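With mmCIF, C-alpha atoms inside, this is model_2.cif:
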```cif
data_final
#
loop_
_atom_site.label_atom_id
_atom_site.label_comp_id
_atom_site.auth_asym_id
_atom_site.auth_seq_id
_atom_site.Cartn_x
_atom_site.Cartn_y
_atom_site.Cartn_z
CA MET A 1 -10.51 -5.04 92.66
CA SER A 2 -14.17 -4.29 93.10
CA LYS A 3 -15.49 -0.77 92.88
CA GLU A 4 -16.47 -0.76 96.51
CA ARG A 5 -12.99 -1.70 97.61
CA ASN A 6 -11.56 1.03 95.40
CA ILE A 7 -13.70 3.65 97.07
CA LYS A 8 -12.78 2.34 100.49
CA ALA A 9 -9.10 2.52 99.62
CA LEU A 10 -9.50 6.05 98.27
CA TRP A 11 -11.27 7.10 101.45
CA ARG A 12 -8.53 5.61 103.60
CA ASN A 13 -5.85 7.39 101.58
CA LEU A 14 -7.77 10.64 101.80
CA GLN A 15 -7.98 10.38 105.57
CA MET A 16 -4.27 9.70 105.72
CA ALA A 17 -3.62 12.70 103.46
CA LEU A 18 -5.66 14.97 105.71
CA LEU A 19 -3.83 13.66 108.76
CA ILE A 20 -0.47 14.39 107.15
CA ALA A 21 -1.64 17.85 106.09
CA GLY A 22 -2.85 18.56 109.62
CA LEU A 23 0.39 17.42 111.23
CA ALA A 24 2.55 19.32 108.75
CA SER A 25 0.46 22.48 109.19
CA ALA A 26 0.76 22.19 112.95
CA ILE A 27 4.54 21.94 112.65
CA GLY A 28 4.61 24.94 110.31
CA LEU A 29 2.48 27.02 112.64
CA ALA A 30 4.55 25.99 115.64
CA VAL A 31 7.86 26.79 113.93
CA ASN A 32 6.55 30.23 112.97
CA SER A 33 4.59 30.81 116.14
CA ARG A 34 6.54 33.91 117.17
CA LEU A 35 6.02 35.62 113.82
CA LEU A 36 2.35 34.64 113.77
CA TRP A 37 1.80 35.88 117.29
CA ARG A 38 3.24 39.24 116.32
CA VAL A 39 1.11 39.45 113.19
CA LEU A 40 -2.12 38.31 114.81
CA THR A 41 -1.81 40.56 117.83
CA GLY A 42 -0.19 43.44 115.95
CA ARG A 43 2.28 43.83 118.78
CA THR A 44 5.65 43.76 117.09
CA LEU A 45 6.86 46.62 119.23
CA SER A 46 5.28 45.46 122.46
CA GLU A 47 8.67 45.04 124.12
CA VAL A 48 8.97 48.81 124.16
CA PRO A 49 8.97 49.82 127.84
CA ALA A 50 6.08 51.99 128.94
CA THR A 51 8.30 54.82 130.15
CA VAL A 52 9.27 55.91 126.65
CA SER A 53 5.79 57.23 125.94
CA GLU A 54 6.34 60.11 128.33
CA PRO A 55 6.00 63.43 126.54
CA THR A 56 9.47 64.56 127.55
CA GLY A 57 11.05 62.77 124.62
CA THR A 58 10.14 59.47 123.10
CA ALA A 59 13.09 57.25 122.35
CA LEU A 60 11.18 54.63 120.40
CA PRO A 61 8.08 54.93 118.24
CA LEU A 62 4.95 53.18 119.47
CA PRO A 63 2.73 51.02 117.29
CA VAL A 64 -0.72 52.04 116.17
CA GLU A 65 -3.37 49.70 114.80
CA LEU A 66 -5.65 49.90 111.81
CA ASP A 67 -8.77 50.99 113.72
CA GLU A 68 -6.95 53.87 115.35
CA VAL A 69 -5.30 54.89 112.08
CA ARG A 70 -8.79 55.16 110.57
CA GLU A 71 -9.89 57.43 113.38
CA LEU A 72 -6.79 59.62 113.37
CA GLN A 73 -6.36 59.79 109.60
CA GLY A 74 -7.32 63.18 108.26
CA ASP A 75 -7.08 66.06 110.71
CA ALA A 76 -5.90 64.31 113.86
CA ALA A 77 -2.59 62.99 112.53
CA LEU A 78 -0.34 63.29 109.50
CA LEU A 79 0.30 60.03 107.69
CA ILE A 80 3.84 59.53 106.40
CA ASP A 81 4.50 56.99 103.65
CA ALA A 82 8.04 55.60 103.98
CA ARG A 83 7.90 53.59 100.75
CA SER A 84 9.42 54.51 97.40
CA ARG A 85 7.98 57.29 95.26
CA GLU A 86 6.82 54.71 92.69
CA ALA A 87 4.92 52.70 95.29
CA PHE A 88 3.43 55.92 96.66
CA ALA A 89 2.31 57.00 93.20
CA GLU A 90 0.61 53.68 92.57
CA GLY A 91 -1.38 53.75 95.76
CA HIS A 92 -1.23 55.24 99.26
CA LEU A 93 -3.41 56.03 102.23
CA PRO A 94 -5.56 59.11 101.58
CA GLY A 95 -3.87 62.30 102.72
CA ALA A 96 -0.50 60.62 103.25
CA ARG A 97 2.73 62.47 102.58
CA SER A 98 5.51 60.70 100.70
CA LEU A 99 8.79 60.55 102.59
CA PRO A 100 10.84 57.63 101.25
CA TRP A 101 13.20 56.30 103.89
CA GLY A 102 16.15 56.57 101.48
CA GLU A 103 15.54 60.28 100.95
CA PHE A 104 15.15 61.31 104.56
CA GLU A 105 18.29 63.47 104.56
CA GLN A 106 17.12 65.55 101.60
CA LEU A 107 13.49 65.81 102.64
CA SER A 108 13.62 66.28 106.40
CA ALA A 109 14.31 70.02 106.17
CA SER A 110 11.21 70.73 104.11
CA LEU A 111 9.14 68.53 106.40
CA GLN A 112 10.33 70.41 109.46
CA ALA A 113 9.55 73.70 107.72
CA GLU A 114 5.98 72.65 107.02
CA VAL A 115 5.05 70.38 109.90
CA SER A 116 5.29 71.37 113.53
CA PHE A 117 7.19 69.17 115.98
CA LYS A 118 3.99 68.87 117.98
CA ALA A 119 2.03 67.31 115.13
CA PRO A 120 1.16 63.65 115.62
CA LEU A 121 2.72 61.53 112.88
CA ILE A 122 1.85 58.01 111.77
CA VAL A 123 4.48 56.29 109.65
CA TYR A 124 3.80 53.25 107.52
CA CYS A 125 5.39 51.21 104.73
CA SER A 126 4.52 47.92 103.08
CA GLY A 127 3.52 45.83 106.07
CA TYR A 128 5.13 43.56 108.62
CA ASP A 129 8.01 42.57 106.37
CA CYS A 130 9.30 46.10 106.02
CA ASN A 131 11.36 48.00 108.54
CA ASP A 132 11.49 51.38 106.85
CA SER A 133 8.55 52.83 108.76
CA PHE A 134 10.20 51.97 112.07
CA LEU A 135 13.58 53.35 110.99
CA LEU A 136 11.99 56.51 109.63
CA ALA A 137 9.97 56.95 112.82
CA GLU A 138 13.15 56.72 114.87
CA ARG A 139 14.77 59.42 112.75
CA LEU A 140 11.71 61.64 113.06
CA LEU A 141 11.83 61.28 116.84
CA ALA A 142 15.53 62.07 116.79
CA ALA A 143 14.79 65.12 114.64
CA GLY A 144 12.51 66.44 117.37
CA TYR A 145 9.02 65.21 116.57
CA ARG A 146 7.21 64.29 119.78
CA GLN A 147 4.41 62.01 118.70
CA VAL A 148 5.55 59.48 116.13
CA ARG A 149 3.81 56.16 115.79
CA VAL A 150 4.21 53.25 113.40
CA PHE A 151 1.32 51.58 111.58
CA GLU A 152 2.90 48.19 111.10
CA GLY A 153 0.19 46.62 108.95
CA GLY A 154 1.01 49.39 106.52
CA PHE A 155 -0.38 49.84 103.06
CA PRO A 156 -1.31 46.11 102.54
CA GLU A 157 -3.45 45.91 105.68
CA TRP A 158 -5.21 49.16 104.81
CA ARG A 159 -5.87 48.05 101.22
CA ASP A 160 -6.95 44.53 102.17
CA ALA A 161 -9.42 45.96 104.68
CA GLY A 162 -11.17 47.46 101.66
CA LEU A 163 -10.46 51.05 102.73
CA PRO A 164 -10.13 53.81 100.14
CA VAL A 165 -6.74 54.17 98.49
CA ALA A 166 -5.40 57.23 96.69
CA GLY A 167 -3.14 56.89 93.67
CA THR A 168 -3.04 55.68 90.09
CA GLN A 169 -3.76 52.01 90.76
CA PRO A 170 -7.48 51.22 90.50
CA MET B 1 4.95 -3.57 80.36
CA ILE B 2 5.70 -4.19 84.03
CA LEU B 3 9.12 -2.63 83.64
CA SER B 4 7.84 0.52 81.98
CA ARG B 5 5.17 0.91 84.60
CA ASP B 6 7.87 0.67 87.26
CA ALA B 7 9.91 3.29 85.47
CA LEU B 8 6.91 5.59 85.16
CA TYR B 9 6.03 5.13 88.83
CA HIS B 10 9.49 5.75 90.25
CA GLY B 11 10.39 8.47 87.77
CA SER B 12 7.21 10.48 88.41
CA ARG B 13 7.40 9.92 92.16
CA LEU B 14 11.00 11.15 92.41
CA LEU B 15 10.41 14.11 90.10
CA LEU B 16 7.25 15.30 91.83
CA GLY B 17 8.80 14.69 95.26
CA THR B 18 11.84 16.77 94.37
CA ILE B 19 9.72 19.62 93.01
CA PHE B 20 7.56 19.80 96.12
CA CYS B 21 10.47 19.46 98.54
CA TYR B 22 12.25 22.30 96.76
CA ALA B 23 9.12 24.47 96.66
CA GLY B 24 8.43 23.84 100.34
CA LEU B 25 12.00 24.44 101.44
CA VAL B 26 12.54 27.82 99.76
CA LYS B 27 9.22 29.06 101.12
CA ALA B 28 9.73 27.68 104.63
CA LEU B 29 13.02 29.60 104.79
CA ASP B 30 11.38 32.94 104.07
CA VAL B 31 7.85 32.87 105.44
CA VAL B 32 7.42 36.64 105.49
CA ALA B 33 8.28 37.00 101.80
CA PHE B 34 5.98 34.10 100.97
CA ALA B 35 3.18 35.78 102.92
CA GLY B 36 3.73 38.74 100.62
CA SER B 37 3.37 36.46 97.61
CA VAL B 38 0.12 35.07 99.00
CA ALA B 39 -1.11 38.59 99.72
CA ASN B 40 -0.51 39.49 96.06
CA TYR B 41 -3.32 37.14 95.10
CA GLN B 42 -5.69 39.38 97.11
CA LEU B 43 -7.83 36.40 98.02
CA LEU B 44 -7.39 36.27 101.79
CA PRO B 45 -7.60 38.77 104.63
CA TYR B 46 -4.24 40.19 105.66
CA GLN B 47 -3.51 38.00 108.66
CA LEU B 48 -4.70 34.78 107.05
CA ASN B 49 -1.96 35.26 104.45
CA PHE B 50 0.57 34.71 107.21
CA LEU B 51 -1.17 31.58 108.50
CA VAL B 52 -1.16 30.06 105.02
CA ALA B 53 2.45 31.11 104.49
CA ALA B 54 3.46 29.47 107.76
CA ALA B 55 1.67 26.15 107.19
CA LEU B 56 1.70 25.50 103.44
CA PRO B 57 5.48 25.07 102.97
CA TYR B 58 5.50 22.32 105.59
CA VAL B 59 2.64 20.46 103.92
CA GLU B 60 4.55 20.68 100.63
CA LEU B 61 7.67 19.38 102.36
CA ALA B 62 5.77 16.51 103.97
CA ALA B 63 4.12 15.45 100.71
CA GLY B 64 7.36 15.80 98.76
CA GLY B 65 9.31 13.92 101.41
CA LEU B 66 6.88 10.99 101.42
CA LEU B 67 7.02 10.79 97.62
CA LEU B 68 10.82 10.75 97.69
CA ALA B 69 10.88 8.16 100.46
CA GLY B 70 8.35 5.99 98.66
CA ARG B 71 6.27 5.64 101.83
CA GLY B 72 2.63 6.63 101.95
CA VAL B 73 2.81 7.52 98.31
CA ARG B 74 -0.92 7.44 97.70
CA PRO B 75 -1.88 9.87 100.48
CA ALA B 76 1.04 12.06 99.43
CA VAL B 77 -0.17 12.10 95.83
CA LEU B 78 -3.66 13.04 97.00
CA LEU B 79 -2.17 15.89 99.01
CA VAL B 80 -0.14 17.10 96.06
CA ALA B 81 -3.18 16.91 93.79
CA GLY B 82 -5.30 18.76 96.34
CA MET B 83 -2.76 21.57 96.79
CA ASN B 84 -2.20 21.73 93.04
CA GLY B 85 -5.94 22.02 92.49
CA VAL B 86 -6.15 24.94 94.92
CA PHE B 87 -3.15 26.60 93.24
CA MET B 88 -4.78 26.22 89.84
CA VAL B 89 -8.05 27.77 91.00
CA ALA B 90 -6.11 30.67 92.55
CA LEU B 91 -4.07 31.17 89.38
CA LEU B 92 -7.20 31.04 87.25
CA SER B 93 -8.77 33.73 89.40
CA VAL B 94 -5.62 35.83 88.95
CA ILE B 95 -5.95 35.52 85.18
CA LEU B 96 -9.67 36.31 85.24
CA ARG B 97 -9.12 39.38 87.43
CA GLY B 98 -6.27 40.52 85.18
CA LEU B 99 -3.75 40.81 88.05
CA ASP B 100 -0.10 41.05 87.04
CA ILE B 101 1.69 39.27 89.87
CA ASP B 102 4.44 36.73 90.29
CA CYS B 103 2.95 33.33 91.07
CA GLY B 104 5.16 32.92 94.16
CA CYS B 105 5.34 29.23 93.37
CA PHE B 106 8.98 28.75 94.27
CA ARG B 107 11.26 31.60 95.22
CA PRO B 108 9.04 34.01 97.14
CA GLY B 109 9.45 37.61 96.13
CA GLY B 110 12.30 36.35 94.02
CA GLU B 111 13.98 37.65 90.93
CA GLY B 112 12.16 35.47 88.41
CA HIS B 113 8.69 36.45 87.31
CA THR B 114 6.48 33.55 86.33
CA SER B 115 3.18 34.65 84.81
CA ALA B 116 -0.04 33.17 86.09
CA LEU B 117 -0.71 31.44 82.76
CA ALA B 118 2.72 29.78 82.68
CA ALA B 119 2.26 28.67 86.29
CA LEU B 120 -1.19 27.31 85.50
CA LEU B 121 0.20 25.23 82.63
CA ARG B 122 3.04 24.01 84.81
CA ASP B 123 0.57 22.99 87.52
CA ALA B 124 -1.45 21.11 84.91
CA GLY B 125 1.74 19.21 84.09
CA LEU B 126 2.27 18.43 87.79
CA MET B 127 -1.31 17.19 87.94
CA LEU B 128 -0.53 14.74 85.12
CA LEU B 129 2.52 13.53 87.05
CA ALA B 130 0.37 13.01 90.12
CA ALA B 131 -2.18 11.06 88.07
CA ALA B 132 0.62 8.96 86.58
CA ILE B 133 1.83 8.05 90.07
CA TRP B 134 -1.68 7.29 91.32
CA PHE B 135 -2.51 4.92 88.50
CA SER B 136 0.89 3.31 88.11
CA ALA B 137 0.90 2.57 91.83
CA ASP B 138 -2.16 0.40 91.24
CA ARG B 139 -0.88 -2.93 92.40
CA ARG B 140 1.52 -1.69 94.97
CA LYS B 141 0.91 -1.60 98.64
CA VAL B 142 1.59 2.05 99.07
#
```

Can you turn what I pasted into C-alpha cells?
Amino acid sequence: MSKERNIKALWRNLQMALLIAGLASAIGLAVNSRLLWRVLTGRTLSEVPATVSEPTGTALPLPVELDEVRELQGDAALLIDARSREAFAEGHLPGARSLPWGEFEQLSASLQAEVSFKAPLIVYCSGYDCNDSFLLAERLLAAGYRQVRVFEGGFPEWRDAGLPVAGTQP
Amino acid sequence: MILSRDALYHGSRLLLGTIFCYAGLVKALDVVAFAGSVANYQLLPYQLNFLVAAALPYVELAAGGLLLAGRGVRPAVLLVAGMNGVFMVALLSVILRGLDIDCGCFRPGGEGHTSALAALLRDAGLMLLAAAIWFSADRRKV
C-alpha cells in the first residue's frame, strides 16, 4: 500500500470514529437529559408549588443558586453544612456551621438555642448527588425555621467556582 | 505467521472490547457518581463534569461493542486510543498536581482505590493493545 493510500485510509477511519463518538455522545446526553437539565438549570426543586413560599409556614425548602449564596453569605444568611464532620473539617464555605444530617437529633437543640427561627438559613452538602441538605432543610422547617433554602450545587460548585474555602485542605 | 497474527488480532480485539464495554456499562448505570469521579480531577467546570459523565460511558460502550462485534474495528480502535490518550493526560496532570483521588476508571465512587500511577500504567497497556489491533488488522477490510 502506498503512503498516500495509508493516509487516506487513516483519515476515513478517523472520520468514522468521530461520527461514532458523536452519535454515542448524543445517545448518552439524550438518555441523561433529565438529569442534565436539572444540573444545567439548577432547578432540581422547581416542581415545588409557588404557594409554599408564603411566610406562614414553608412546607418545602426552596433552592438557591451560587450567585445568591455569594450575596447572602456572611451577615444576610447562616450557612449550614449538612456533610460529615470530617468533610467539614477538610473544607467548607466560609462562615458555615457544621450540622451533619446524621446528628440532627443531638444538635438541633443547641442550634435552636443560638439561632432564631427568623434567621434565613442556607443548607448545602456535597452537590447534586447528595440529598442530605434537602432532608436537613425539611427538618429545620419542621422544627420551626421560617426561611430555609437549599444550595444544591453545594461545596463542589462553590469550590470549583474558585471561591474561598475554609478548612484544613489547601 | 498468519495464524499468530490472527490470534493477536482477535485476542486483543476481544479483550479491549470487553474492557471498554465493562467500563462504559458500570459508568452509564451511575452517571451521578461518575460525574463525581470526573469532578475529582478538578479539570472541568462543575456542570461540564455532568456532560462528560453523561456522554463518555456511551462512547466507551460504542467503541467496545464494535470491537467485540468485529465491525468497524479500525474506527473503534482510533476511538479507544483517543479516549485512552485523554485519560492518560488527565492522570498525568493528577500525578503532577499531587492529587490523591480514585481514577474513576471503572466503578465510579466505588470501593476500590486505584492510584493515578497504576491507572496510567494500565492505560499504557491498553494503548499497546490498541496498537496491536491496528497493526494486526493491516490486511483486513475492517

Problem - Interface, chain A side, toward chain B (8 Å; only C-alpha atoms) as number ranges by chain - result: A: 13-18, 20-21, 24-29, 32, 36, 39-40, 128-129, 156-157, 160-161

Handout entry: Within-7 Å shell of (1.9, 34.5, 89.5) in input frame, only C-alpha atoms, as a VMD selection string
Key = chain B and resid 91 101 to 104 114 to 116 119

Exercise for the section: Within 12 Å of (10.7, 4.2, 96.2) (coordinates as in the file), grab all the protein and nucleic acid residues, counting all atoms listed in the file, and write them out as a ChimeraX atom specification. Expected result: /B:6-15,17,65-73,133,137,140-142

Exercise for the section: Grab the CA of Leu121 in chain A to CA of Val148 in chain A distance for me, in Å with one decimal place. Expected result: 4.8 Å

Problem - Target residues per the PyMOL selection byres ((chain A and resi 130-142) around 9), formatted as a ChimeraX atom specification - result: /A:57-61,80-83,99-102,104,108,121-129,143-152,154

Completion exercise
Among A:Leu62, A:Gly91, A:Leu10, A:Leu107, Pro120 in chain A is approached most closely, using only C-alpha atoms, by A:Leu62

Exercise for the section: Between CA of Gly64 in chain B and CA of Cys21 in chain B, measure the distance and give it in Å to one decimal. Expected result: 4.8 Å

Exercise for the section: Determine the nearest neighbour of Pro164 in chain A from the options A:Glu103, A:Gly95, A:Gln112, A:Val64, counting only C-alpha atoms. Expected result: A:Gly95

Practice task
Could you check how far CA of Gly125 in chain B sits from CA of Ser4 in chain B, in Å to one decimal?
Solution key: 19.8 Å

Add whatever atoms are absent from range 91-126 of chain A to reach N, CA and C atoms, and provide the output as a PDB file, in the coordinates of the input.
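What ended up in selection_16.pdb:
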```pdb
ATOM      1  N   GLY A  91      -0.280  53.790  94.798  1.00  0.00           N
ATOM      2  CA  GLY A  91      -1.380  53.750  95.760  1.00  0.00           C
ATOM      3  C   GLY A  91      -0.874  54.077  97.161  1.00  0.00           C
ATOM      4  N   HIS A  92      -1.610  54.913  97.890  1.00  0.00           N
ATOM      5  CA  HIS A  92      -1.230  55.240  99.260  1.00  0.00           C
ATOM      6  C   HIS A  92      -2.476  55.560 100.067  1.00  0.00           C
ATOM      7  N   LEU A  93      -2.290  55.675 101.375  1.00  0.00           N
ATOM      8  CA  LEU A  93      -3.410  56.030 102.230  1.00  0.00           C
ATOM      9  C   LEU A  93      -3.819  57.474 101.935  1.00  0.00           C
ATOM     10  N   PRO A  94      -5.107  57.757 101.907  1.00  0.00           N
ATOM     11  CA  PRO A  94      -5.560  59.110 101.580  1.00  0.00           C
ATOM     12  C   PRO A  94      -4.948  60.138 102.511  1.00  0.00           C
ATOM     13  N   GLY A  95      -4.429  61.218 101.914  1.00  0.00           N
ATOM     14  CA  GLY A  95      -3.870  62.300 102.720  1.00  0.00           C
ATOM     15  C   GLY A  95      -2.439  62.063 103.162  1.00  0.00           C
ATOM     16  N   ALA A  96      -1.859  60.915 102.802  1.00  0.00           N
ATOM     17  CA  ALA A  96      -0.500  60.620 103.250  1.00  0.00           C
ATOM     18  C   ALA A  96       0.510  61.481 102.508  1.00  0.00           C
ATOM     19  N   ARG A  97       1.644  61.722 103.177  1.00  0.00           N
ATOM     20  CA  ARG A  97       2.730  62.470 102.580  1.00  0.00           C
ATOM     21  C   ARG A  97       3.863  61.503 102.289  1.00  0.00           C
ATOM     22  N   SER A  98       4.434  61.612 101.073  1.00  0.00           N
ATOM     23  CA  SER A  98       5.510  60.700 100.700  1.00  0.00           C
ATOM     24  C   SER A  98       6.833  61.161 101.297  1.00  0.00           C
ATOM     25  N   LEU A  99       7.461  60.250 102.040  1.00  0.00           N
ATOM     26  CA  LEU A  99       8.790  60.550 102.590  1.00  0.00           C
ATOM     27  C   LEU A  99       9.591  59.245 102.573  1.00  0.00           C
ATOM     28  N   PRO A 100      10.117  58.911 101.372  1.00  0.00           N
ATOM     29  CA  PRO A 100      10.840  57.630 101.250  1.00  0.00           C
ATOM     30  C   PRO A 100      12.010  57.593 102.220  1.00  0.00           C
ATOM     31  N   TRP A 101      12.170  56.458 102.866  1.00  0.00           N
ATOM     32  CA  TRP A 101      13.200  56.300 103.890  1.00  0.00           C
ATOM     33  C   TRP A 101      14.579  56.673 103.329  1.00  0.00           C
ATOM     34  N   GLY A 102      14.839  56.301 102.069  1.00  0.00           N
ATOM     35  CA  GLY A 102      16.150  56.570 101.480  1.00  0.00           C
ATOM     36  C   GLY A 102      16.409  58.041 101.233  1.00  0.00           C
ATOM     37  N   GLU A 103      15.358  58.868 101.258  1.00  0.00           N
ATOM     38  CA  GLU A 103      15.540  60.280 100.950  1.00  0.00           C
ATOM     39  C   GLU A 103      15.342  61.165 102.177  1.00  0.00           C
ATOM     40  N   PHE A 104      15.436  60.548 103.346  1.00  0.00           N
ATOM     41  CA  PHE A 104      15.150  61.310 104.560  1.00  0.00           C
ATOM     42  C   PHE A 104      16.036  62.545 104.687  1.00  0.00           C
ATOM     43  N   GLU A 105      17.345  62.358 104.395  1.00  0.00           N
ATOM     44  CA  GLU A 105      18.290  63.470 104.560  1.00  0.00           C
ATOM     45  C   GLU A 105      17.854  64.688 103.754  1.00  0.00           C
ATOM     46  N   GLN A 106      17.476  64.439 102.486  1.00  0.00           N
ATOM     47  CA  GLN A 106      17.120  65.550 101.600  1.00  0.00           C
ATOM     48  C   GLN A 106      15.780  66.175 101.980  1.00  0.00           C
ATOM     49  N   LEU A 107      14.861  65.332 102.479  1.00  0.00           N
ATOM     50  CA  LEU A 107      13.490  65.810 102.640  1.00  0.00           C
ATOM     51  C   LEU A 107      13.157  66.292 104.048  1.00  0.00           C
ATOM     52  N   SER A 108      14.012  65.982 105.012  1.00  0.00           N
ATOM     53  CA  SER A 108      13.620  66.280 106.400  1.00  0.00           C
ATOM     54  C   SER A 108      13.509  67.788 106.638  1.00  0.00           C
ATOM     55  N   ALA A 109      14.349  68.577 105.946  1.00  0.00           N
ATOM     56  CA  ALA A 109      14.310  70.020 106.170  1.00  0.00           C
ATOM     57  C   ALA A 109      12.963  70.609 105.749  1.00  0.00           C
ATOM     58  N   SER A 110      12.483  70.177 104.574  1.00  0.00           N
ATOM     59  CA  SER A 110      11.210  70.730 104.110  1.00  0.00           C
ATOM     60  C   SER A 110      10.055  70.238 104.976  1.00  0.00           C
ATOM     61  N   LEU A 111      10.186  69.026 105.497  1.00  0.00           N
ATOM     62  CA  LEU A 111       9.140  68.530 106.400  1.00  0.00           C
ATOM     63  C   LEU A 111       9.099  69.376 107.666  1.00  0.00           C
ATOM     64  N   GLN A 112      10.282  69.635 108.216  1.00  0.00           N
ATOM     65  CA  GLN A 112      10.330  70.410 109.460  1.00  0.00           C
ATOM     66  C   GLN A 112       9.847  71.840 109.246  1.00  0.00           C
ATOM     67  N   ALA A 113      10.027  72.354 108.020  1.00  0.00           N
ATOM     68  CA  ALA A 113       9.550  73.700 107.720  1.00  0.00           C
ATOM     69  C   ALA A 113       8.026  73.744 107.675  1.00  0.00           C
ATOM     70  N   GLU A 114       7.435  72.637 107.240  1.00  0.00           N
ATOM     71  CA  GLU A 114       5.980  72.650 107.020  1.00  0.00           C
ATOM     72  C   GLU A 114       5.192  72.039 108.176  1.00  0.00           C
ATOM     73  N   VAL A 115       5.801  71.102 108.876  1.00  0.00           N
ATOM     74  CA  VAL A 115       5.050  70.380 109.900  1.00  0.00           C
ATOM     75  C   VAL A 115       5.657  70.629 111.273  1.00  0.00           C
ATOM     76  N   SER A 116       4.822  71.043 112.184  1.00  0.00           N
ATOM     77  CA  SER A 116       5.290  71.370 113.530  1.00  0.00           C
ATOM     78  C   SER A 116       5.742  70.116 114.277  1.00  0.00           C
ATOM     79  N   PHE A 117       6.699  70.298 115.188  1.00  0.00           N
ATOM     80  CA  PHE A 117       7.190  69.170 115.980  1.00  0.00           C
ATOM     81  C   PHE A 117       6.103  68.569 116.855  1.00  0.00           C
ATOM     82  N   LYS A 118       5.060  69.370 117.110  1.00  0.00           N
ATOM     83  CA  LYS A 118       3.990  68.870 117.980  1.00  0.00           C
ATOM     84  C   LYS A 118       3.002  67.992 117.235  1.00  0.00           C
ATOM     85  N   ALA A 119       3.029  68.036 115.925  1.00  0.00           N
ATOM     86  CA  ALA A 119       2.030  67.310 115.130  1.00  0.00           C
ATOM     87  C   ALA A 119       2.193  65.804 115.313  1.00  0.00           C
ATOM     88  N   PRO A 120       1.077  65.103 115.541  1.00  0.00           N
ATOM     89  CA  PRO A 120       1.160  63.650 115.620  1.00  0.00           C
ATOM     90  C   PRO A 120       1.420  63.059 114.239  1.00  0.00           C
ATOM     91  N   LEU A 121       2.389  62.162 114.153  1.00  0.00           N
ATOM     92  CA  LEU A 121       2.720  61.530 112.880  1.00  0.00           C
ATOM     93  C   LEU A 121       2.471  60.032 112.957  1.00  0.00           C
ATOM     94  N   ILE A 122       1.989  59.472 111.867  1.00  0.00           N
ATOM     95  CA  ILE A 122       1.850  58.010 111.770  1.00  0.00           C
ATOM     96  C   ILE A 122       2.616  57.567 110.535  1.00  0.00           C
ATOM     97  N   VAL A 123       3.629  56.736 110.751  1.00  0.00           N
ATOM     98  CA  VAL A 123       4.480  56.290 109.650  1.00  0.00           C
ATOM     99  C   VAL A 123       4.096  54.876 109.255  1.00  0.00           C
ATOM    100  N   TYR A 124       4.078  54.620 107.965  1.00  0.00           N
ATOM    101  CA  TYR A 124       3.800  53.250 107.520  1.00  0.00           C
ATOM    102  C   TYR A 124       4.638  52.940 106.293  1.00  0.00           C
ATOM    103  N   CYS A 125       4.783  51.618 106.004  1.00  0.00           N
ATOM    104  CA  CYS A 125       5.390  51.210 104.730  1.00  0.00           C
ATOM    105  C   CYS A 125       4.614  50.001 104.235  1.00  0.00           C
ATOM    106  N   SER A 126       5.298  48.974 103.732  1.00  0.00           N
ATOM    107  CA  SER A 126       4.520  47.920 103.080  1.00  0.00           C
ATOM    108  C   SER A 126       4.277  46.707 103.974  1.00  0.00           C
TER     109      SER A 126
END
```
